[in-house]
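K.L.:
Below: one structure in structure tokens.
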Amino acid sequence: MGMRNGVGFMIGKVLAGLRAEQWRALSLSSSGFASLVASLVALGLLAAITAPAALAADCPGHPDAIGTSRTLVVDPREHRLVGTMQYRETLPLADHEVVLTFDDGPLPHNSNQILEILASQCVKATFFTIGRMAQSFPEGVRKLRDAGHTIGTHTQNHPLNMNRMPIERAQKEIDDGIASVKAALGDDSALAPFVRIPGLMRADAVEDYAGSQGLQLWSADFLADDWRHISSSRVYDLAISRIEAKGKGILLLHDIQARTVAALPRILNELKARGYHIVQVVPATPDRPATPTEPQQWLLHPPTEDVAISHWPKIPNFVFAGADMLPAPTLSDVDWLAGQPIAFAEPFDHARRLVHGIATPREAPWPRSSSLPLQNTAITLPAPAQSLFEMPDGLRAALAASSHHVEQTESSVREAPTRMVSADTSDSRRISHGKLHAGRGQGRALERDQRHGASRVAGRGIPTATPRHRAPLKHLVQIKKRSV
């Protein structure tokens, strides 16, 4: 798809040249017009024939390679922050387009293997190089340039506290990293003004400084967690699942990890099988203008006409023709009460009254309500007749009988406890007198019987007396025992 777009762009430039230089000559005769048509047909056939051949030529010996579909040219000054993991915008990619990025290199053993895998798949990527690593392995940086990859920087020492360190230290980390990579390359033009903060530890001050230096800060759209202690199979699973979840974007990997070396071939093969395309990103230069884009293309999921937009258009700033003051309205303009004057309760500037030291609110300046005159004041309502309050004889007798029945019920309820208490007292005296003349053996038997009788009485629901009335309870138990 990207190659066809490139061929179409080339055809457009050829047509523009034909229009500028040969249109007059071609339009003079019918043979000239025929030659123009023949040229267009030849260009179209050439594009259709050479497009597949160009893909094969880009990756000789590897017809199944995923390749690099197109090159995206961006201007860092127009879009300073990219990557939806932290920022609103990302690169203006089409659906199923992925940009590969690698951090922390170069480390010869693993980084060289990454370069070999990319070369076998004819893939171009972006490498964010650490300045200290470039000082240690400058030939690794030059290998990136010679292979045609884009080279950015990743600070000098890879600090993981860029969001907390003083801005002076953060500036030095960025500047020293750029200087070290330039020294390793020996060519300032080979370094892209792309920077990624270690650990994605962003800070407003760091972003402002990078923008002032014309640098573009890169975050990412998805990770593969290849810096963690996980298997290469897990790296592959995370990369593919997260790419599929968003459909396009920037993938962050690390070329210094052995697990990344093992997972990368599977990732590229799976991306090709699922219809994805690899895009290389390069900075704009005076000789290489930025790729034309629309603002919504820099959003991961730009709004479409099928989705309702909840943002209302901004209110424009109106330019008033004049600033004349309108006259204030008067009472006559309002025409209250047919032009009659209004009597206010108190003047507007009257001091408010104090009640217990607290200022009371002023009375509302509205006309007071007037009392309406009473008409026909001699009319009075009739007094109720005495018959309204009289009770029929039948209802009076029924109420009296009901009241007498209630009184008898209450009297019987009050007398029942009294009789029970008197009976218990007389019986207790007789039992106590007999107990004094009983023998020792009879006394023990009586006490035993009392204990058994008490348990039976308790089982019948007789309430237990308090310690203060323990003697009457014993008498009551003896009475119950004899009755049994």
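Ordering of the structure tokens sets the chain letters (A, B, ...), residue numbers begin anew at 1 in every chain, and ligands are numbered from 1 in the order given.
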Give the alpha helix (DSSP H) residues of stretch 95-255 of chain A, as DSSP finds them on the backbone, and put them as number ranges by chain.
P.N.:
A: 108-120, 131-136, 138-146, 167-185, 204-212, 232-246
K.L.:
Determine, counting only C-alpha atoms, which protein, DNA and RNA residues have an atom within 12 Å of an atom of A:Glu270; residues of the same chain fewer than 5 positions away are not included. Present the result as a ChimeraX atom specification.
P.N.:
/A:64-66,236-237,239-241,243-244,263-265,275-277
K.L.:
Store the residues of this selection in a file with C-alpha atoms, as a PDB file, in the first residue's frame.
P.N.:
ATOM      1  CA  ASP A  64       8.320 -13.388   2.742  1.00  0.00           C
ATOM      2  CA  ALA A  65       9.826 -10.444   4.623  1.00  0.00           C
ATOM      3  CA  ILE A  66       7.489  -7.838   6.067  1.00  0.00           C
ATOM      4  CA  TYR A 236       5.879 -11.974  22.014  1.00  0.00           C
ATOM      5  CA  ASP A 237       2.417 -12.432  23.531  1.00  0.00           C
ATOM      6  CA  ALA A 239       3.610  -7.244  21.986  1.00  0.00           C
ATOM      7  CA  ILE A 240       1.019  -8.826  19.698  1.00  0.00           C
ATOM      8  CA  SER A 241      -1.928  -8.509  22.102  1.00  0.00           C
ATOM      9  CA  ILE A 243      -0.723  -3.958  19.204  1.00  0.00           C
ATOM     10  CA  GLU A 244      -3.989  -5.666  18.351  1.00  0.00           C
ATOM     11  CA  ALA A 263      11.092 -12.759  20.382  1.00  0.00           C
ATOM     12  CA  LEU A 264      11.668 -10.305  17.511  1.00  0.00           C
ATOM     13  CA  PRO A 265      11.512 -12.794  14.562  1.00  0.00           C
ATOM     14  CA  GLY A 275      -1.686  -7.588   7.757  1.00  0.00           C
ATOM     15  CA  TYR A 276       0.440  -5.003   9.592  1.00  0.00           C
ATOM     16  CA  HIS A 277       2.979  -2.696   7.965  1.00  0.00           C
TER      17      HIS A 277
END
K.L.:
Sort by chain and increasing residue number a table of all residues of stretch 229-310 of chain A within 8 Å of stretch 139-157 of chain A, each with its closest pair of atoms and their distance in Å to one decimal, counting only C-alpha atoms, and write it as JSON lines.
P.N.:
{"residue": "A:Gln280", "atom": "CA", "partner": "A:Thr150", "partner_atom": "CA", "distance": 7.7}
{"residue": "A:Val281", "atom": "CA", "partner": "A:Thr150", "partner_atom": "CA", "distance": 7.1}
{"residue": "A:Val282", "atom": "CA", "partner": "A:Thr150", "partner_atom": "CA", "distance": 6.4}
K.L.:
Emit the selected residues as an mmCIF file, in the first residue's frame, including C-alpha atoms.
P.N.:
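again.cif written:
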data_model
loop_
_atom_site.group_PDB
_atom_site.id
_atom_site.type_symbol
_atom_site.label_atom_id
_atom_site.label_comp_id
_atom_site.auth_asym_id
_atom_site.auth_seq_id
_atom_site.Cartn_x
_atom_site.Cartn_y
_atom_site.Cartn_z
ATOM 1 C CA GLN A 280 10.117 4.324 9.382
ATOM 2 C CA VAL A 281 10.101 7.838 10.856
ATOM 3 C CA VAL A 282 12.702 10.459 9.929
#
K.L.:
Rounded to one decimal, what separation in Å do you get between atom CA of A:Glu294 and atom CA of A:Lys246?
P.N.:
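Computed distance, atom CA of A:Glu294 to atom CA of A:Lys246, equals 20.1 Å.
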K.L.:
By how many Å are atom CA of A:Pro138 and atom CA of A:Leu191 apart?
P.N.:
13.4 Å
K.L.:
Might you pull out every residue within 12 Å of A:Thr68, with only C-alpha atoms counted and same-chain residues fewer than 2 positions away left off, and present them as number ranges by chain?
P.N.:
A: 1-3, 54-56, 58-59, 65-66, 70-72, 97-100, 118-125, 148-149, 268, 272, 276-281
